[in-house]
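Asks: See start16.txt below, with compact mmCIF, C-alpha atoms.
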```txt
# COMPACT_ATOMS: atom_id res chain seq x y z
CA MET A 28 34.73 -35.03 19.16
CA VAL A 29 36.55 -31.71 18.79
CA ALA A 30 33.35 -29.88 17.84
CA ASP A 31 30.53 -27.87 19.40
CA ASN A 32 27.76 -29.02 17.06
CA LEU A 33 27.71 -32.80 17.49
CA PRO A 34 24.54 -34.68 18.44
CA PRO A 35 24.36 -36.23 21.93
CA PRO A 36 26.19 -39.54 22.46
CA SER A 37 22.98 -41.50 23.15
CA GLU A 38 21.59 -40.44 19.79
CA VAL A 39 24.88 -41.26 18.04
CA ALA A 40 24.90 -44.71 19.62
CA ASN A 41 21.41 -45.36 18.26
CA PHE A 42 22.43 -44.09 14.82
CA ILE A 43 25.47 -46.39 14.69
CA LYS A 44 23.47 -49.37 15.91
CA THR A 45 20.42 -48.97 13.67
CA LYS A 46 21.71 -47.26 10.54
CA THR A 47 25.34 -48.28 9.98
CA ILE A 48 27.31 -51.48 9.50
CA PHE A 49 29.71 -50.54 12.33
CA ASP A 50 29.97 -52.85 15.33
CA SER A 51 32.77 -51.00 17.15
CA VAL A 52 33.77 -47.43 17.97
CA LYS A 53 36.99 -45.88 19.25
CA ILE A 54 37.28 -42.74 21.35
CA PHE A 55 40.40 -40.82 22.28
CA ASP A 56 39.62 -40.61 25.99
CA CYS A 57 37.29 -42.34 28.48
CA ASN A 58 34.36 -39.92 28.14
CA PRO A 59 31.75 -41.21 30.63
CA ASP A 60 28.82 -39.86 28.59
CA VAL A 61 29.98 -41.87 25.58
CA LEU A 62 30.58 -45.00 27.64
CA ARG A 63 27.11 -44.75 29.19
CA ALA A 64 25.54 -44.14 25.76
CA PHE A 65 26.84 -47.45 24.40
CA ALA A 66 25.64 -49.53 27.38
CA ASP A 67 23.62 -52.57 26.25
CA SER A 68 24.02 -51.50 22.61
CA GLY A 69 26.08 -54.49 21.47
CA ILE A 70 28.60 -52.00 20.05
CA SER A 71 32.11 -52.52 21.41
CA VAL A 72 34.18 -49.52 22.50
CA THR A 73 37.91 -48.84 22.47
CA VAL A 74 39.02 -46.21 25.00
CA THR A 75 42.29 -44.31 25.16
CA VAL A 76 44.60 -43.30 28.00
CA PRO A 77 45.90 -39.75 27.33
CA ASN A 78 49.63 -39.73 26.58
CA GLY A 79 50.27 -37.46 29.57
CA GLU A 80 48.97 -40.09 32.01
CA ILE A 81 51.23 -42.93 30.81
CA ALA A 82 54.16 -42.29 33.17
CA SER A 83 51.97 -42.31 36.30
CA LEU A 84 50.19 -45.51 35.24
CA ALA A 85 53.39 -47.54 35.32
CA ASN A 86 52.64 -47.67 39.05
CA VAL A 87 50.27 -50.59 39.76
CA ARG A 88 48.32 -48.71 42.45
CA ALA A 89 47.75 -45.80 40.06
CA ALA A 90 46.71 -48.27 37.35
CA ARG A 91 44.16 -49.84 39.73
CA ARG A 92 42.75 -46.41 40.58
CA TRP A 93 42.48 -45.65 36.84
CA VAL A 94 40.62 -48.91 36.16
CA ASN A 95 38.31 -48.31 39.12
CA ALA A 96 37.49 -44.80 37.84
CA ASN A 97 37.31 -45.35 34.08
CA ILE A 98 36.38 -48.99 33.41
CA LYS A 99 34.58 -50.57 36.36
CA PRO A 100 31.64 -48.09 36.50
CA PHE A 101 30.70 -48.95 32.89
CA TYR A 102 31.67 -52.63 32.59
CA PRO A 103 30.15 -55.00 31.54
CA GLN A 104 27.04 -53.04 30.47
CA THR A 105 29.28 -51.21 28.02
CA LYS A 106 31.27 -53.66 25.93
CA ILE A 107 34.75 -52.19 26.38
CA LYS A 108 37.03 -54.13 24.05
CA TYR A 109 40.43 -52.44 24.09
CA ILE A 110 42.31 -49.90 26.15
CA SER A 111 44.83 -48.06 24.00
CA VAL A 112 47.56 -46.78 26.29
CA GLY A 113 48.32 -43.47 24.64
CA ASN A 114 48.07 -42.70 20.96
CA GLU A 115 51.10 -42.65 18.63
CA VAL A 116 53.45 -42.33 21.61
CA LEU A 117 56.57 -43.14 19.59
CA PHE A 118 55.65 -40.53 16.99
CA PHE A 119 55.93 -37.78 19.62
CA ASN A 120 59.01 -39.51 21.15
CA ASN A 121 58.69 -38.05 24.64
CA PRO A 122 61.29 -40.13 26.56
CA GLU A 123 59.20 -40.30 29.76
CA GLU A 124 56.18 -41.61 27.84
CA VAL A 125 58.21 -43.99 25.64
CA ASN A 126 60.10 -45.47 28.60
CA ASN A 127 56.92 -46.01 30.62
CA LEU A 128 54.73 -47.27 27.77
CA VAL A 129 55.23 -51.03 28.22
CA PRO A 130 55.33 -50.84 32.05
CA ALA A 131 52.00 -48.92 31.99
CA ILE A 132 50.46 -51.49 29.64
CA ARG A 133 51.53 -54.31 31.97
CA ALA A 134 50.28 -52.46 35.06
CA LEU A 135 46.87 -51.78 33.53
CA ASN A 136 46.55 -55.41 32.52
CA ARG A 137 47.32 -56.47 36.10
CA ALA A 138 44.81 -53.93 37.41
CA LEU A 139 42.10 -55.33 35.11
CA ASN A 140 42.83 -58.88 36.28
CA LYS A 141 42.72 -57.75 39.91
CA ALA A 142 39.30 -56.20 39.22
CA GLY A 143 38.07 -59.49 37.75
CA ILE A 144 37.98 -58.08 34.21
CA HIS A 145 39.56 -60.56 31.81
CA ASP A 146 38.09 -59.73 28.39
CA VAL A 147 39.33 -56.13 28.02
CA LYS A 148 42.62 -56.17 26.11
CA VAL A 149 45.40 -53.61 26.62
CA THR A 150 47.45 -52.32 23.69
CA THR A 151 48.69 -49.04 22.16
CA ALA A 152 48.23 -47.45 18.72
CA HIS A 153 51.25 -46.65 16.54
CA ALA A 154 51.80 -44.18 13.74
CA LEU A 155 53.97 -45.69 11.02
CA ASN A 156 57.12 -43.70 11.68
CA ILE A 157 58.31 -46.79 13.55
CA PHE A 158 60.30 -48.37 10.72
CA GLU A 159 63.89 -48.12 9.53
CA VAL A 160 64.42 -46.43 6.15
CA ILE A 161 61.70 -47.95 3.97
CA THR A 162 62.76 -50.56 1.45
CA LEU A 163 60.53 -53.40 0.25
CA PRO A 164 57.52 -54.48 2.36
CA SER A 165 59.10 -57.88 3.06
CA LEU A 166 62.36 -56.31 4.27
CA THR A 167 60.86 -53.66 6.56
CA ARG A 168 62.18 -53.60 10.13
CA PHE A 169 61.40 -51.62 13.28
CA ARG A 170 63.67 -48.68 14.05
CA ASN A 171 66.79 -49.76 15.94
CA ASP A 172 66.13 -47.33 18.81
CA PHE A 173 62.68 -48.85 19.41
CA ALA A 174 63.06 -52.51 18.37
CA LYS A 175 64.59 -54.06 21.51
CA PRO A 176 63.54 -51.62 24.27
CA VAL A 177 59.89 -51.20 23.13
CA PHE A 178 58.67 -53.58 20.42
CA ALA A 179 60.27 -56.83 21.61
CA PRO A 180 58.71 -56.71 25.11
CA LEU A 181 55.47 -55.19 23.80
CA LEU A 182 54.90 -57.92 21.21
CA LEU A 183 55.68 -60.67 23.73
CA PHE A 184 53.11 -59.12 26.10
CA LEU A 185 50.51 -58.88 23.31
CA ARG A 186 51.08 -62.51 22.33
CA LYS A 187 50.81 -63.70 25.94
CA THR A 188 47.56 -61.77 26.56
CA LYS A 189 46.10 -62.41 23.08
CA SER A 190 45.92 -58.66 22.49
CA PRO A 191 46.40 -57.03 19.06
CA PHE A 192 49.20 -54.85 17.72
CA MET A 193 47.37 -51.64 16.79
CA ILE A 194 48.56 -49.42 13.92
CA ASN A 195 47.32 -46.24 12.25
CA PRO A 196 48.07 -46.70 8.52
CA TYR A 197 47.31 -43.56 6.48
CA PRO A 198 48.28 -43.71 2.80
CA TYR A 199 47.27 -40.01 2.75
CA PHE A 200 50.29 -39.23 4.95
CA GLU A 201 52.57 -41.79 3.29
CA LEU A 202 52.35 -40.51 -0.29
CA ASN A 203 56.00 -39.47 -0.29
CA THR A 204 57.14 -43.01 0.67
CA LEU A 205 54.88 -44.42 -2.04
CA GLY A 206 56.35 -42.43 -4.91
CA ASN A 207 53.44 -39.93 -4.74
CA ASN A 208 51.34 -42.50 -6.61
CA LEU A 209 47.85 -41.19 -5.81
CA ASP A 210 45.95 -43.89 -7.71
CA PHE A 211 47.89 -46.54 -5.78
CA ALA A 212 46.92 -44.87 -2.51
CA LEU A 213 43.25 -44.65 -3.53
CA PHE A 214 42.82 -48.33 -4.55
CA LYS A 215 42.56 -47.22 -8.20
CA GLY A 216 45.20 -49.59 -9.50
CA GLY A 217 47.66 -48.14 -11.98
CA PRO A 218 51.34 -49.13 -11.76
CA GLY A 219 51.63 -51.47 -8.81
CA MET A 220 54.58 -52.27 -6.59
CA PHE A 221 56.62 -55.43 -7.04
CA ASP A 222 58.53 -56.80 -4.06
CA LYS A 223 61.42 -58.68 -5.69
CA HIS A 224 62.42 -60.23 -2.36
CA SER A 225 59.05 -61.89 -1.69
CA GLY A 226 57.91 -62.11 -5.32
CA LYS A 227 54.62 -60.39 -4.34
CA THR A 228 52.87 -57.68 -6.35
CA TYR A 229 50.93 -54.91 -4.58
CA THR A 230 47.92 -53.18 -6.11
CA ASN A 231 47.26 -50.67 -3.31
CA ALA A 232 49.12 -48.74 -0.61
CA PHE A 233 47.02 -50.03 2.29
CA ASP A 234 48.32 -53.57 1.76
CA VAL A 235 51.89 -52.26 1.58
CA LEU A 236 51.56 -50.56 4.97
CA LEU A 237 50.07 -53.69 6.56
CA ASP A 238 52.77 -55.94 5.14
CA ARG A 239 55.54 -53.58 6.25
CA THR A 240 54.15 -53.96 9.76
CA PHE A 241 53.85 -57.74 9.46
CA SER A 242 57.45 -58.06 8.24
CA ALA A 243 58.81 -55.97 11.10
CA MET A 244 56.80 -58.03 13.63
CA SER A 245 57.93 -61.29 12.02
CA ALA A 246 61.57 -60.22 12.28
CA LEU A 247 61.08 -60.17 16.07
CA GLY A 248 59.41 -63.59 15.94
CA CYS A 249 55.90 -62.25 16.52
CA GLY A 250 54.20 -62.39 13.14
CA ASP A 251 51.37 -64.41 14.73
CA VAL A 252 50.12 -61.46 16.82
CA ASP A 253 46.90 -60.00 15.41
CA ILE A 254 47.02 -56.60 13.73
CA VAL A 255 44.17 -54.12 14.28
CA ILE A 256 43.84 -50.90 12.28
CA GLY A 257 43.32 -48.31 15.01
CA GLU A 258 42.73 -45.46 12.56
CA THR A 259 42.73 -44.89 8.85
CA GLY A 260 40.87 -42.52 6.57
CA TRP A 261 41.05 -39.73 4.03
CA PRO A 262 39.92 -36.09 4.37
CA SER A 263 37.29 -34.68 2.03
CA MET A 264 38.25 -31.02 1.88
CA ALA A 265 41.38 -28.88 1.95
CA ASP A 266 42.87 -25.64 0.81
CA GLU A 267 43.26 -25.43 -2.94
CA GLY A 268 45.74 -27.78 -4.58
CA ASN A 269 45.51 -30.55 -1.99
CA VAL A 270 44.62 -34.21 -2.62
CA ALA A 271 41.91 -34.00 0.07
CA THR A 272 38.71 -34.00 -1.99
CA VAL A 273 35.32 -35.68 -1.68
CA GLU A 274 36.13 -37.81 -4.74
CA ASN A 275 39.42 -39.05 -3.25
CA ALA A 276 37.92 -39.64 0.21
CA LEU A 277 35.11 -41.65 -1.37
CA SER A 278 37.59 -43.72 -3.38
CA TYR A 279 39.82 -44.47 -0.38
CA ASN A 280 37.22 -45.13 2.30
CA GLY A 281 34.73 -46.78 -0.06
CA ASN A 282 37.34 -49.24 -1.33
CA LEU A 283 38.76 -49.72 2.16
CA VAL A 284 35.32 -50.81 3.42
CA LYS A 285 35.06 -53.33 0.56
CA GLU A 286 38.53 -54.71 1.25
CA ILE A 287 37.89 -55.11 4.98
CA LEU A 288 34.51 -56.77 4.43
CA GLU A 289 35.89 -59.15 1.78
CA GLY A 290 38.59 -60.31 4.19
CA LYS A 291 41.00 -61.26 1.45
CA GLY A 292 44.04 -60.14 3.43
CA THR A 293 47.32 -58.93 1.92
CA PRO A 294 50.03 -60.55 -0.23
CA LEU A 295 51.98 -61.62 2.90
CA MET A 296 48.85 -62.30 4.97
CA PRO A 297 46.34 -63.89 2.57
CA ASN A 298 42.76 -64.45 3.77
CA ARG A 299 43.49 -62.66 7.04
CA LYS A 300 40.60 -60.56 8.36
CA PHE A 301 41.41 -57.18 9.89
CA GLU A 302 39.42 -55.14 12.35
CA ALA A 303 39.54 -51.52 11.22
CA TYR A 304 38.43 -48.15 12.58
CA ILE A 305 37.77 -45.32 10.13
CA PHE A 306 38.73 -41.83 11.21
CA GLY A 307 36.29 -40.31 11.77
CA LEU A 308 32.55 -40.49 12.17
CA PHE A 309 31.81 -36.73 12.03
CA ASN A 310 33.51 -33.64 10.70
CA GLU A 311 34.93 -31.63 13.63
CA ASN A 312 34.34 -27.88 13.37
CA LYS A 313 36.64 -26.92 16.27
CA LYS A 314 39.71 -28.93 15.27
CA PRO A 315 42.71 -26.57 15.08
CA GLY A 316 44.96 -26.38 12.06
CA THR A 317 44.16 -26.40 8.35
CA LEU A 318 40.76 -26.88 6.74
CA THR A 319 41.71 -30.52 6.16
CA GLU A 320 41.78 -31.21 9.91
CA ARG A 321 38.08 -30.34 10.20
CA ASN A 322 36.98 -32.55 7.30
CA TRP A 323 37.88 -36.18 8.04
CA GLY A 324 34.30 -37.21 8.82
CA LEU A 325 32.09 -39.69 6.97
CA PHE A 326 29.08 -37.71 8.17
CA ARG A 327 28.04 -34.16 8.98
CA PRO A 328 26.65 -33.45 12.45
CA ASP A 329 23.07 -33.77 11.09
CA TYR A 330 23.91 -37.37 10.05
CA SER A 331 23.88 -36.62 6.34
CA PRO A 332 26.76 -38.44 4.60
CA VAL A 333 29.59 -36.29 3.29
CA TYR A 334 29.75 -39.05 0.66
CA ASN A 335 28.40 -42.59 0.52
CA ALA A 336 31.27 -44.86 1.55
CA GLY A 337 29.07 -47.94 1.85
CA VAL A 338 28.81 -47.88 5.65
CA LEU A 339 25.05 -47.36 5.87
CA ARG A 340 22.87 -50.45 6.28
CA ASP A 341 21.10 -51.86 3.23
CA GLY A 342 23.05 -49.51 0.98
CA GLN A 343 21.20 -46.49 2.33
CA GLY A 344 22.53 -43.24 0.96
CA ALA A 345 20.03 -41.06 2.76
CA PRO A 346 20.73 -39.29 6.05
CA PHE A 347 19.69 -40.84 9.35
CA VAL A 348 17.11 -38.08 9.81
CA PRO A 349 16.10 -35.30 7.40
CA ALA A 350 18.28 -32.32 8.14
CA GLN A 351 15.48 -29.87 7.31
CA PRO A 352 12.13 -31.63 7.65
CA GLN A 353 10.32 -28.41 6.88
CA GLN A 354 11.35 -28.74 3.25
CA GLN A 355 8.83 -31.35 2.18
CA PRO A 356 7.55 -31.32 -1.39
CA GLN A 357 3.89 -31.30 -0.44
CA GLN A 358 4.20 -28.13 1.60
CA GLN A 359 2.78 -25.06 -0.08
CA PRO A 360 2.75 -21.39 0.98
CA SER A 361 0.05 -21.06 3.62
CA GLY A 362 -0.37 -17.31 3.65
CA LYS A 363 0.66 -17.36 7.31
CA LYS A 364 4.16 -16.24 8.27
CA PHE A 365 6.67 -18.44 10.09
CA CYS A 366 10.15 -17.75 11.45
CA VAL A 367 12.71 -20.38 10.45
CA ALA A 368 16.47 -20.90 10.41
CA LYS A 369 18.27 -19.49 7.39
CA PRO A 370 19.71 -22.18 5.10
CA GLY A 371 23.18 -20.66 5.39
CA ALA A 372 23.24 -20.41 9.20
CA ASN A 373 25.77 -22.73 10.84
CA ASP A 374 25.11 -24.94 13.84
CA GLY A 375 27.02 -22.68 16.22
CA GLU A 376 24.81 -19.70 15.34
CA LEU A 377 21.69 -21.84 15.54
CA GLN A 378 22.64 -23.28 18.94
CA ALA A 379 23.15 -19.75 20.28
CA ALA A 380 19.74 -18.74 18.91
CA LEU A 381 18.12 -21.85 20.39
CA ASP A 382 19.63 -21.27 23.83
CA TRP A 383 18.64 -17.62 23.83
CA ALA A 384 15.06 -18.20 22.64
CA CYS A 385 14.45 -20.88 25.29
CA SER A 386 15.90 -18.59 27.98
CA GLN A 387 13.35 -15.88 27.12
CA GLY A 388 10.29 -17.76 28.31
CA THR A 389 9.66 -19.49 24.97
CA ASP A 390 7.90 -22.85 25.33
CA CYS A 391 10.64 -25.30 24.29
CA GLY A 392 8.82 -28.32 25.71
CA PRO A 393 7.80 -29.71 22.29
CA ILE A 394 11.48 -30.18 21.30
CA GLN A 395 12.49 -32.07 24.46
CA PRO A 396 13.19 -35.84 24.16
CA GLY A 397 10.00 -37.79 23.59
CA ALA A 398 7.96 -34.71 22.65
CA PRO A 399 6.27 -34.34 19.21
CA CYS A 400 9.00 -32.10 17.73
CA ALA A 401 12.02 -33.84 19.31
CA GLU A 402 12.93 -35.62 16.07
CA PRO A 403 14.99 -34.98 14.09
CA ALA A 404 17.22 -34.04 17.02
CA THR A 405 19.34 -31.64 14.99
CA VAL A 406 20.30 -28.14 16.08
CA ARG A 407 18.64 -26.75 12.93
CA SER A 408 15.29 -28.42 13.57
CA ARG A 409 15.19 -27.50 17.28
CA ALA A 410 16.32 -23.93 16.63
CA THR A 411 13.66 -23.46 13.94
CA PHE A 412 10.91 -24.50 16.35
CA ALA A 413 12.22 -22.23 19.12
CA MET A 414 12.69 -19.30 16.73
CA ASN A 415 9.12 -19.59 15.48
CA SER A 416 7.71 -19.85 19.01
CA TYR A 417 9.62 -16.73 20.06
CA TYR A 418 8.45 -14.90 16.93
CA ARG A 419 4.83 -15.88 17.63
CA ASN A 420 5.08 -14.74 21.27
CA HIS A 421 6.50 -11.35 20.31
CA GLY A 422 3.82 -10.03 18.02
CA GLU A 423 5.03 -11.63 14.77
CA VAL A 424 7.02 -8.52 13.93
CA ASP A 425 9.96 -8.93 11.56
CA SER A 426 12.41 -7.75 14.21
CA ALA A 427 11.45 -10.77 16.35
CA CYS A 428 12.80 -13.05 13.60
CA ASP A 429 16.38 -11.94 13.34
CA PHE A 430 18.48 -13.93 15.84
CA SER A 431 21.70 -12.18 14.81
CA GLY A 432 20.93 -12.79 11.14
CA SER A 433 20.44 -16.54 11.46
CA ALA A 434 16.64 -16.57 10.86
CA GLN A 435 14.23 -15.52 8.14
CA ILE A 436 10.49 -15.17 7.49
CA THR A 437 8.74 -17.74 5.29
CA THR A 438 5.15 -18.47 4.29
CA VAL A 439 5.84 -22.21 3.99
CA ASP A 440 4.49 -24.05 7.04
CA PRO A 441 7.43 -25.96 8.59
CA SER A 442 5.07 -28.42 10.37
CA TYR A 443 5.73 -32.12 9.77
CA GLY A 444 4.29 -35.38 11.10
CA ASN A 445 2.90 -34.76 14.59
CA CYS A 446 4.97 -31.61 15.00
CA HIS A 447 2.70 -28.64 14.40
CA TYR A 448 4.03 -25.09 14.22
CA LEU A 449 1.60 -22.48 15.56
```
Could I get this file's structure written as structure tokens?
Replies:
Amino acid sequence: MVADNLPPPSEVANFIKTKTIFDSVKIFDCNPDVLRAFADSGISVTVTVPNGEIASLANVRAARRWVNANIKPFYPQTKIKYISVGNEVLFFNNPEEVNNLVPAIRALNRALNKAGIHDVKVTTAHALNIFEVITLPSLTRFRNDFAKPVFAPLLLFLRKTKSPFMINPYPYFELNTLGNNLDFALFKGGPGMFDKHSGKTYTNAFDVLLDRTFSAMSALGCGDVDIVIGETGWPSMADEGNVATVENALSYNGNLVKEILEGKGTPLMPNRKFEAYIFGLFNENKKPGTLTERNWGLFRPDYSPVYNAGVLRDGQGAPFVPAQPQQQPQQQPSGKKFCVAKPGANDGELQAALDWACSQGTDCGPIQPGAPCAEPATVRSRATFAMNSYYRNHGEVDSACDFSGSAQITTVDPSYGNCHYL
């Protein structure tokens, strides 16, 4: 949610429920607006404790305060499924957070029980830098510095509470440990990997990462603990020369969805079904770093798919709502002038124009929830209506349709359905 152009959580919840095959979402905090949005939706939610709060939550009283503030106000109306205590804590290897990770998990579990909440499971999500030098999948073991102090007690806790071991397997980030075999990472076959110790052959990198995890867990006697994929995905855009392309993202996520739905498991875990979360739902325009960081989404903020990964219901490839409803084939030039958003204007510019127009006495009532022009609830659609209303109220002069270069004059009537532009 590191973006300033995303639709409101309530709308997103409805989109996920009615248009996608997803039955669960994961957020990286405990955003109350998101938790309220998914109330009575039937969609389960995983919430995350920020890494910086882990040390304090090892104290049971602090854990109870946290549960009272972040879980109880929303439960059970919102189906909170897991609490992830931190995210990839061992990857960052902050000693205070690592040392308090299992104590905080135990304390939060006790706090939930004290609050009478018994169906919210507590776990933590791991990046896959947790293994000793990689050999074969069947011989993989947890790092010596983490095995006994962290993973042994953690796995025993997870087994006792019937909670899952959560991992974030990203073949995109593991290409160097996979011989830079891109086809293998993208479920495209090619030369596979043979594990001479187990006698198993691997056809894709995802299965290798899962079986590495299973082998390390089994070595500690906990191979029976469920594994949940807390994040996985592939970015669709990058600076030139990168493997982050729409074609590669479609291949990885599209094939991942098929594999998860088929439930065929892995060579070491045949027929085992895995719960998986794809990172992420939307592209994030404010994410710092390279272009890749802002392009992990399956969808754009107007709900149009970046590519069709097979996650829309009934094989739909169309957006949830038309991004620009004014562009309907039957519309012809009317002779009358209208002020509309420029095709190249971004959502940030359009939001600024929308806010300004509505602050200038423009009637923005028709784009409020439930009003005739409220849908589609995209920034572009709402801004276009507000721009045109402002233009109409200010003498229909060209200078009233500028909005810092984000608007233009057209003779095509943008009206649609019951939404009529004056």
Asks: Under the rule that all atoms listed in the file are counted, which of A:Met296, A:Leu277, A:Val160, A:Ala379 is the nearest residue to Phe326 (chain A)?
Replies: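 Smallest separation from Phe326 (chain A) among the options: A:Leu277.
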Asks: Ranking A:Pro103, A:Gly217, A:Pro315, A:Gly444 by minimum distance to Pro403 (chain A) and counting only C-alpha atoms, which one comes first?
Replies: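 Of all the options, A:Gly444 lies closest to Pro403 (chain A).
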Asks: With all atoms listed in the file as the basis for distance, which of A:Phe365, A:Ser37, A:Ile436, A:Asn373 is at the shortest distance from Asn415 (chain A)?
Replies: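 Nearest to Asn415 (chain A): A:Phe365.
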Asks: Counting all atoms listed in the file, which residues of region 135-169 of chain A sit at most 12 Å from some atom of region 59-80 of chain A, and what is each one's closest atom pair with its distance in Å to one decimal, listed by chain and rising residue number, as a Markdown table?
Replies:
```
| residue | atom | partner | partner_atom | distance |
| --- | --- | --- | --- | --- |
| A:Leu135 | CA | A:Val76 | CA | 10.4 |
| A:Asp146 | CA | A:Ser71 | CA | 11.7 |
| A:Val147 | CA | A:Thr73 | CA | 9.3 |
| A:Lys148 | CA | A:Thr73 | CA | 9.4 |
| A:Val149 | CA | A:Thr73 | CA | 9.8 |
| A:Thr150 | CA | A:Thr75 | CA | 9.6 |
| A:Thr151 | CA | A:Thr75 | CA | 8.5 |
| A:Ala152 | CA | A:Thr75 | CA | 9.3 |
```
Asks: Rounded to one decimal place, report the CA of Trp261 (chain A)-CA of Ala174 (chain A) distance in Å.
Replies: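 A separation of 29.2 Å between them.
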Asks: For each of A:Met414, A:Leu325, A:Leu185, A:Met264, take the minimum atom-to-atom distance to Leu339 (chain A), counting only C-alpha atoms, then give the residue where this is smallest.
Replies: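 Closest to Leu339 (chain A) of all the choices is A:Leu325.
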Asks: Tell me which of A:Thr293, A:Asn280, A:Ser408, A:Thr105 sits closest to Asp234 (chain A), counting only C-alpha atoms.
Replies: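 Ranking A:Thr293, A:Asn280, A:Ser408, A:Thr105 by distance to Asp234 (chain A), first place goes to A:Thr293.
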Asks: Give me the residues within 9 Å of region 309-312 of chain A as number ranges by chain, counting all atoms listed in the file and dropping any in the same chain fewer than 4 places off.
Replies: A: 28-33, 320-328, 330, 333
Asks: So, with only C-alpha atoms as the atoms that count, which of A:Gly392, A:Lys314, A:Glu423, A:Ala380 lies closest to Lys363 (chain A)?
Replies: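 Of A:Gly392, A:Lys314, A:Glu423, A:Ala380, the one nearest Lys363 (chain A) is A:Glu423, counting only C-alpha atoms.
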Asks: So that I can see what lies close to Pro294 (chain A), please list as a list of chain:residue names the residues with an atom at most 8 Å from it, counting all atoms listed in the file and leaving out residues fewer than 5 positions away in the same chain.
Replies: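 My reading of the contact set: A:Lys227, A:Thr228, A:Tyr229, A:Asp234, A:Asp238.
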Asks: Show me, as a list in words, the residues that have an atom within 12 Å of Ala336 (chain A) when counting all atoms listed in the file, minus same-chain residues fewer than 6 positions from it.
Replies: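 Residues meeting the cut-off are Thr47, Ile48, Gly260, Trp261, Ser263, Val273, Glu274, Asn275, Ala276, Leu277, Ser278, Tyr279, Asn280, Gly281, Asn282, Leu283, Val284, Lys285, Ile305, Leu308, Gly324, Leu325, Phe326, Gly342, Gln343, Gly344 and Ala345 of chain A.
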Asks: So the first atom is CA of Thr204 (chain A) and the second is CA of Ala232 (chain A); what is the distance between them in Å, to one decimal place?
Replies: 9.9 Å
Asks: Neighbouring residues of Leu181 (chain A) were defined as those with any atom within 9 Å, considering only C-alpha atoms; residues of the same chain fewer than 2 positions away were excluded. Please report them as a VMD selection string.
Replies: chain A and resid 128 to 129 132 150 176 to 179 183 to 186 192
Asks: Counting only C-alpha atoms, I want the residues whose atoms come within 10 Å of (43.0, -23.1, -0.3) in the file frame, returned as a list in words.
Replies: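 Here is the list of nearby residues: Met264, Ala265, Asp266, Glu267, Gly268, Asn269, Thr317, Leu318 and Thr319 of chain A.
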Asks: Taking (58.9, -39.7, 9.5) in the file's coordinates, which residues come within 10 Å, counting only C-alpha atoms, written as a PyMOL selection string?
Replies: chain A and resi 118+154-160+200-201+204
Asks: Skip region 88-98 of chain A itself and residues of its chain fewer than 6 positions away, then list as a compact mmCIF listing (two decimals) with C-alpha atoms, in the frame of the given file all residues within 7 Å of it, counting only C-alpha atoms.
Replies:
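File written: out21.txt
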```txt
# COMPACT_ATOMS: atom_id res chain seq x y z
CA CYS A 57 37.29 -42.34 28.48
CA ALA A 134 50.28 -52.46 35.06
CA LEU A 135 46.87 -51.78 33.53
CA ALA A 138 44.81 -53.93 37.41
CA LEU A 139 42.10 -55.33 35.11
```
Asks: Please, what distance in Å, to one decimal, runs between CA of Ala40 (chain A) and CA of Cys400 (chain A)?
Replies: 20.4 Å
